[in-house]
file upload22.tsv (TSV, C-alpha atoms and all ligand atoms)
chain	number	residue	atom	x	y	z
A	86	MET	CA	142.60	113.83	124.05
A	87	SER	CA	142.93	110.31	122.71
A	88	VAL	CA	141.01	107.73	120.74
A	89	TYR	CA	140.92	104.28	122.37
A	90	PHE	CA	140.13	101.12	120.41
A	91	HIS	CA	138.47	98.09	122.00
A	92	GLU	CA	137.16	94.74	120.75
A	93	GLU	CA	133.66	93.44	121.62
A	94	ASP	CA	133.06	95.54	124.77
A	95	LEU	CA	134.12	98.63	126.66
A	96	PRO	CA	136.53	98.24	129.60
A	97	ALA	CA	134.73	98.65	132.93
A	98	ASP	CA	136.45	101.90	133.95
A	99	ALA	CA	136.62	103.66	130.59
A	100	LEU	CA	134.08	106.40	131.24
A	101	GLY	CA	133.58	109.08	133.85
A	102	PRO	CA	130.14	109.90	135.26
A	103	GLY	CA	127.49	111.95	133.50
A	104	PRO	CA	126.01	112.01	130.00
A	105	VAL	CA	127.76	110.06	127.24
A	106	ALA	CA	127.82	110.77	123.51
A	107	VAL	CA	127.13	107.67	121.41
A	108	ASP	CA	127.24	106.86	117.71
A	109	THR	CA	127.28	103.66	115.66
A	110	GLU	CA	128.72	102.53	112.35
A	111	THR	CA	127.03	99.69	110.51
A	112	MET	CA	127.21	97.88	107.18
A	113	GLY	CA	124.32	99.99	105.91
A	114	LEU	CA	121.11	101.81	106.71
A	115	ASN	CA	118.84	98.80	107.33
A	116	PRO	CA	119.28	97.68	110.96
A	117	LEU	CA	117.52	94.37	110.25
A	118	ARG	CA	119.92	93.55	107.42
A	119	ASP	CA	123.14	95.42	108.14
A	120	ARG	CA	125.28	94.38	111.05
A	121	LEU	CA	126.55	96.70	113.75
A	122	CYS	CA	130.32	97.11	113.32
A	123	LEU	CA	131.35	99.89	115.68
A	124	VAL	CA	130.02	101.78	118.70
A	125	GLN	CA	131.68	105.08	119.54
A	126	ILE	CA	131.24	106.51	123.02
A	127	SER	CA	132.62	109.52	124.89
A	128	ASP	CA	132.02	111.00	128.33
A	129	GLY	CA	132.82	114.48	127.05
A	130	SER	CA	136.23	114.66	128.70
A	131	GLY	CA	137.97	114.74	125.32
A	132	ASP	CA	138.65	111.03	124.93
A	133	GLU	CA	136.68	108.83	122.56
A	134	HIS	CA	136.30	105.05	122.82
A	135	LEU	CA	135.65	102.85	119.79
A	136	VAL	CA	134.18	99.38	120.39
A	137	ARG	CA	134.46	97.15	117.35
A	138	PHE	CA	132.29	94.05	116.82
A	139	GLY	CA	133.66	91.40	114.46
A	140	PRO	CA	131.75	89.31	111.91
A	141	GLY	CA	129.79	86.64	113.75
A	142	SER	CA	130.01	88.57	117.02
A	143	ALA	CA	127.79	87.35	119.85
A	144	TYR	CA	127.34	91.03	120.86
A	145	ASP	CA	127.91	89.98	124.43
A	146	ALA	CA	129.02	93.35	125.78
A	147	PRO	CA	127.83	93.64	129.39
A	148	VAL	CA	129.65	96.89	130.19
A	149	LEU	CA	128.38	98.71	127.11
A	150	LYS	CA	124.85	97.34	127.52
A	151	ALA	CA	124.70	98.46	131.15
A	152	ILE	CA	125.66	102.02	130.15
A	153	LEU	CA	123.12	102.16	127.32
A	154	ALA	CA	120.30	100.93	129.57
A	155	ASP	CA	121.35	102.93	132.67
A	156	PRO	CA	118.29	105.06	133.58
A	157	ASN	CA	120.56	107.53	135.37
A	158	ARG	CA	122.86	108.15	132.42
A	159	LEU	CA	121.73	110.32	129.49
A	160	LYS	CA	122.89	109.16	126.05
A	161	LEU	CA	123.51	111.90	123.46
A	162	PHE	CA	123.12	111.13	119.75
A	163	HIS	CA	122.81	112.87	116.42
A	164	PHE	CA	119.84	111.15	114.75
A	165	ALA	CA	119.26	108.84	117.70
A	166	ARG	CA	116.44	106.98	115.94
A	167	PHE	CA	118.83	105.00	113.73
A	168	ASP	CA	121.40	104.24	116.42
A	169	ILE	CA	118.80	103.13	118.97
A	170	ALA	CA	117.35	100.69	116.42
A	171	ALA	CA	120.79	99.36	115.48
A	172	LEU	CA	121.77	98.94	119.14
A	173	GLN	CA	118.46	97.31	120.05
A	174	HIS	CA	118.65	94.86	117.16
A	175	ALA	CA	122.30	93.87	117.72
A	176	LEU	CA	122.67	94.08	121.50
A	177	GLY	CA	119.07	93.49	122.54
A	178	VAL	CA	119.10	96.55	124.75
A	179	VAL	CA	116.76	99.55	124.78
A	180	THR	CA	118.91	102.68	124.96
A	181	ALA	CA	117.36	105.24	127.30
A	182	PRO	CA	117.19	108.01	128.35
A	183	VAL	CA	118.35	109.76	125.18
A	184	TYR	CA	118.93	113.23	123.71
A	185	CYS	CA	119.06	113.87	119.97
A	186	THR	CA	120.90	116.91	118.61
A	187	LYS	CA	119.13	116.53	115.25
A	188	ILE	CA	115.67	116.82	116.82
A	189	ALA	CA	116.83	119.74	118.98
A	190	SER	CA	118.22	121.38	115.85
A	191	ARG	CA	114.94	120.92	113.98
A	192	LEU	CA	113.05	122.52	116.87
A	193	VAL	CA	115.23	125.63	117.17
A	194	ARG	CA	117.02	126.13	113.83
A	195	THR	CA	113.79	126.72	111.93
A	196	TYR	CA	115.63	129.14	109.64
A	197	THR	CA	117.32	126.27	107.79
A	198	ASP	CA	116.63	122.76	106.56
A	199	ARG	CA	120.26	121.72	107.03
A	200	HIS	CA	120.39	119.58	110.16
A	201	GLY	CA	123.28	117.25	109.34
A	202	LEU	CA	126.04	116.80	111.90
A	203	LYS	CA	128.65	118.57	109.77
A	204	GLU	CA	126.47	121.65	109.29
A	205	LEU	CA	125.47	121.74	112.97
A	206	VAL	CA	129.06	121.48	114.23
A	207	ARG	CA	130.11	124.17	111.79
A	208	GLU	CA	127.40	126.64	112.79
A	209	LEU	CA	127.30	126.06	116.55
A	210	LEU	CA	130.97	125.40	117.27
A	211	GLY	CA	132.84	126.72	114.25
A	212	GLN	CA	134.57	123.36	113.84
A	213	ASP	CA	134.93	121.23	110.75
A	214	VAL	CA	134.20	117.51	110.72
A	215	SER	CA	134.92	115.49	107.62
A	216	LYS	CA	132.18	113.10	106.45
A	217	GLN	CA	134.50	111.51	103.88
A	218	GLN	CA	134.59	108.11	105.61
A	219	GLN	CA	130.84	107.98	106.30
A	220	SER	CA	130.23	105.52	103.48
A	221	SER	CA	133.11	103.13	103.94
A	222	ASP	CA	133.57	99.44	104.76
A	223	TRP	CA	133.07	99.36	108.52
A	224	GLY	CA	133.22	95.55	108.44
A	225	ALA	CA	136.85	95.49	107.31
A	226	ALA	CA	139.30	93.45	109.39
A	227	THR	CA	141.36	96.56	110.08
A	228	LEU	CA	139.90	100.03	110.29
A	229	THR	CA	142.06	102.73	108.72
A	230	ASP	CA	143.31	105.73	110.69
A	231	ALA	CA	140.93	107.89	108.64
A	232	GLN	CA	137.99	105.68	109.63
A	233	ARG	CA	138.96	105.81	113.32
A	234	ASP	CA	139.36	109.58	113.24
A	235	TYR	CA	136.02	109.99	111.51
A	236	ALA	CA	134.25	107.62	113.89
A	237	ALA	CA	135.65	109.41	116.94
A	238	SER	CA	134.74	112.85	115.58
A	239	ASP	CA	131.09	111.81	115.38
A	240	VAL	CA	130.87	111.77	119.20
A	241	ARG	CA	133.40	114.54	119.91
A	242	PHE	CA	131.08	117.55	119.73
A	243	LEU	CA	127.73	116.31	121.05
A	244	HIS	CA	128.18	117.49	124.65
A	245	ALA	CA	129.12	121.02	123.56
A	246	MET	CA	126.27	121.13	121.06
A	247	LYS	CA	123.75	119.96	123.66
A	248	ASP	CA	124.65	122.94	125.87
A	249	ILE	CA	124.04	125.40	123.04
A	250	LEU	CA	120.88	123.67	121.80
A	251	ASP	CA	119.45	123.49	125.33
A	252	ALA	CA	119.89	127.25	125.74
A	253	ARG	CA	118.07	127.81	122.45
A	254	LEU	CA	115.28	125.36	123.36
A	255	VAL	CA	114.72	127.31	126.60
A	256	ARG	CA	114.88	130.63	124.75
A	257	GLU	CA	112.25	129.50	122.22
A	258	GLY	CA	110.02	127.80	124.81
A	259	ARG	CA	110.40	124.36	123.23
A	260	MET	CA	112.26	122.37	125.86
A	261	GLU	CA	109.20	120.38	126.96
A	262	LEU	CA	108.35	119.56	123.35
A	263	ALA	CA	111.93	118.42	122.76
A	264	GLN	CA	111.93	116.27	125.89
A	265	ALA	CA	108.69	114.57	124.83
A	266	CYS	CA	110.26	113.81	121.45
A	267	PHE	CA	113.39	112.39	123.08
A	268	ASP	CA	111.26	110.22	125.38
A	269	PHE	CA	109.42	108.79	122.34
A	270	LEU	CA	112.62	107.87	120.46
A	271	PRO	CA	113.00	104.30	121.78
A	272	THR	CA	109.40	103.63	120.69
A	273	ARG	CA	110.06	105.19	117.26
A	274	ALA	CA	113.08	102.90	116.88
A	275	ALA	CA	111.00	99.90	117.97
A	276	LEU	CA	108.44	100.77	115.28
A	277	ASP	CA	111.25	100.86	112.71
A	278	LEU	CA	112.31	97.37	113.72
A	279	ALA	CA	108.73	96.09	113.93
A	280	GLY	CA	107.88	96.95	110.34
A	281	TRP	CA	106.81	100.59	110.27
A	282	PRO	CA	110.11	102.15	109.20
A	283	GLU	CA	108.91	104.83	106.75
A	284	ILE	CA	105.29	105.14	107.81
A	285	ASP	CA	104.15	108.10	109.92
A	286	ILE	CA	101.71	106.40	112.28
A	287	PHE	CA	100.31	109.82	113.20
A	288	ALA	CA	99.46	110.69	109.60
A	289	HIS	CA	95.81	110.70	108.44
A	290	SER	CA	96.59	108.71	105.30
A	301	MN	MN	128.87	108.09	112.55
call {"tool": "encode", "arguments": {"input": "upload22.tsv", "output": "structure tokens", "more": "lines below"}}
Ligand code: MN
result
Amino acid sequence: MSVYFHEEDLPADALGPGPVAVDTETMGLNPLRDRLCLVQISDGSGDEHLVRFGPGSAYDAPVLKAILADPNRLKLFHFARFDIAALQHALGVVTAPVYCTKIASRLVRTYTDRHGLKELVRELLGQDVSKQQQSSDWGAATLTDAQRDYAASDVRFLHAMKDILDARLVREGRMELAQACFDFLPTRAALDLAGWPEIDIFAHS
């Protein structure tokens, strides 16, 4: 189990087949304003890959883009909406198909309003992930060991959590509802980028 660091794109043979867990780190929460600094990706084998984009990057990352857009490869996220928007804005690629552990959690863990990654990993897997580096300078010339560990841990547990959440979605009869939500996510992200970030377009007023 290792963390691999790359600049500007993923090597061609980095990932095995099957679903990949993906996360991003940016300069902030506004994808139109805040540049994409890091993409973390894992095939679930225990290794995590970090792809760092420098200031002024051309975001010319053909290997990474091909994986994100591959219709035969599911991309797992926690709060996919933000990452899809960040990836679309920076790389110009629509990430699909996707799975979001936060949406799955909201659909089955109706006994709580705590759907953050840390809480979900703790309850479902009994593991502890630190969120200490969440708000740190991801644009720095050199990422600290603590930042790299944190970034990698954000994609480390998504495969295992998907298995558990899928079983619960089936148990509660909400798998089709979840799938429809996942399928809508690229459109939701496009609405965020197009100027409807905090408006519920389904709301009456
Ligand atoms: Mn993260």
call {"tool": "closest_residue", "arguments": {"input": "upload22.tsv", "among": "A:Glu110, A:Asp94, A:Asp168, A:Asp198", "to": "ligand MN 301 (chain A)", "atoms": "all atoms listed in the file"}}
result
A:Glu110
call {"tool": "residues_around", "arguments": {"input": "upload22.tsv", "residues": "His134 of chain A", "least_positions_apart": "5", "cutoff": "8 Å", "atoms": "all atoms listed in the file", "output": "PyMOL selection string"}}
result
chain A and resi 88-91+95+99+125-127+237
call {"tool": "closest_atom_pairs", "arguments": {"input": "upload22.tsv", "of": "segment 91-171 of chain A", "to": "segment 256-270 of chain A", "cutoff": "8 Å", "atoms": "all atoms listed in the file", "output": "CSV"}}
result
residue,atom,partner,partner_atom,distance
A:Ala165,CA,A:Leu270,CA,7.3
A:Arg166,CA,A:Leu270,CA,6.0
A:Ile169,CA,A:Leu270,CA,7.9
call {"tool": "residues_near_ligand", "arguments": {"input": "upload22.tsv", "ligand": "ligand MN 301 (chain A)", "cutoff": "6 Å", "atoms": "all atoms listed in the file", "output": "number ranges by chain"}}
result
A: 108-110, 236, 239
call {"tool": "write_last_selection", "arguments": {"input": "upload22.tsv", "atoms": "C-alpha atoms", "output": "compact mmCIF listing (two decimals), keeping the file's coordinate frame"}}
result
# COMPACT_ATOMS: atom_id res chain seq x y z
CA ASP A 108 127.24 106.86 117.71
CA THR A 109 127.28 103.66 115.66
CA GLU A 110 128.72 102.53 112.35
CA ALA A 236 134.25 107.62 113.89
CA ASP A 239 131.09 111.81 115.38
call {"tool": "residues_around", "arguments": {"input": "upload22.tsv", "residues": "Gly103 of chain A", "least_positions_apart": "3", "cutoff": "10 Å", "atoms": "all atoms listed in the file", "output": "list in words"}}
result
Leu100, Asp128, Gly129, Asn157, Arg158, Leu159 and Lys160 of chain A
call {"tool": "closest_residue", "arguments": {"input": "upload22.tsv", "among": "A:Ser190, A:Thr229, A:Ser130, A:Thr272", "to": "Glu204 of chain A", "atoms": "all atoms listed in the file"}}
result
A:Ser190
call {"tool": "residues_near_point", "arguments": {"input": "upload22.tsv", "point": "(128.7, 101.6, 106.3)", "cutoff": "6 Å", "atoms": "only C-alpha atoms", "output": "MDAnalysis selection string"}}
result
chainID A and resid 111:113 220:223
call {"tool": "residues_around", "arguments": {"input": "upload22.tsv", "residues": "segment 117-123 of chain A", "least_positions_apart": "5", "cutoff": "10 Å", "atoms": "only C-alpha atoms", "output": "PyMOL selection string"}}
result
chain A and resi 91-93+108-112+135-142+144+168+170-172+174-176+222-225+233+236+277-280
call {"tool": "closest_residue", "arguments": {"input": "upload22.tsv", "among": "A:Leu276, A:Leu114, A:Ala106, A:Ala97", "to": "Val148 of chain A", "atoms": "all atoms listed in the file"}}
result
A:Ala97
call {"tool": "residues_around", "arguments": {"input": "upload22.tsv", "residues": "Gln218 of chain A", "least_positions_apart": "5", "cutoff": "9 Å", "atoms": "all atoms listed in the file", "output": "ChimeraX atom specification"}}
result
/A:231-232,235-236
call {"tool": "atom_distance", "arguments": {"input": "upload22.tsv", "atom1": "atom CA of Leu243 of chain A", "atom2": "atom CA of Phe164 of chain A"}}
result
11.3 Å
call {"tool": "atom_distance", "arguments": {"input": "upload22.tsv", "atom1": "atom CA of Asp234 of chain A", "atom2": "atom CA of Leu202 of chain A"}}
result
15.2 Å
call {"tool": "closest_residue", "arguments": {"input": "upload22.tsv", "among": "A:Val178, A:Leu205, A:Leu228, A:Val183", "to": "Lys150 of chain A", "atoms": "only C-alpha atoms"}}
result
A:Val178
call {"tool": "atom_distance", "arguments": {"input": "upload22.tsv", "atom1": "atom CA of Tyr184 of chain A", "atom2": "atom CA of Pro96 of chain A"}}
result
23.9 Å
call {"tool": "closest_residue", "arguments": {"input": "upload22.tsv", "among": "A:Ile284, A:Met246, A:Val124, A:Leu254", "to": "Gly211 of chain A", "atoms": "all atoms listed in the file"}}
result
A:Met246
call {"tool": "residues_around", "arguments": {"input": "upload22.tsv", "residues": "Leu250 of chain A", "least_positions_apart": "3", "cutoff": "9 Å", "atoms": "all atoms listed in the file", "output": "compact mmCIF listing (two decimals) with C-alpha atoms, in the coordinates of the input"}}
result
# COMPACT_ATOMS: atom_id res chain seq x y z
CA THR A 186 120.90 116.91 118.61
CA ALA A 189 116.83 119.74 118.98
CA SER A 190 118.22 121.38 115.85
CA VAL A 193 115.23 125.63 117.17
CA LEU A 209 127.30 126.06 116.55
CA ALA A 245 129.12 121.02 123.56
CA MET A 246 126.27 121.13 121.06
CA LYS A 247 123.75 119.96 123.66
CA ARG A 253 118.07 127.81 122.45
CA LEU A 254 115.28 125.36 123.36
CA VAL A 255 114.72 127.31 126.60
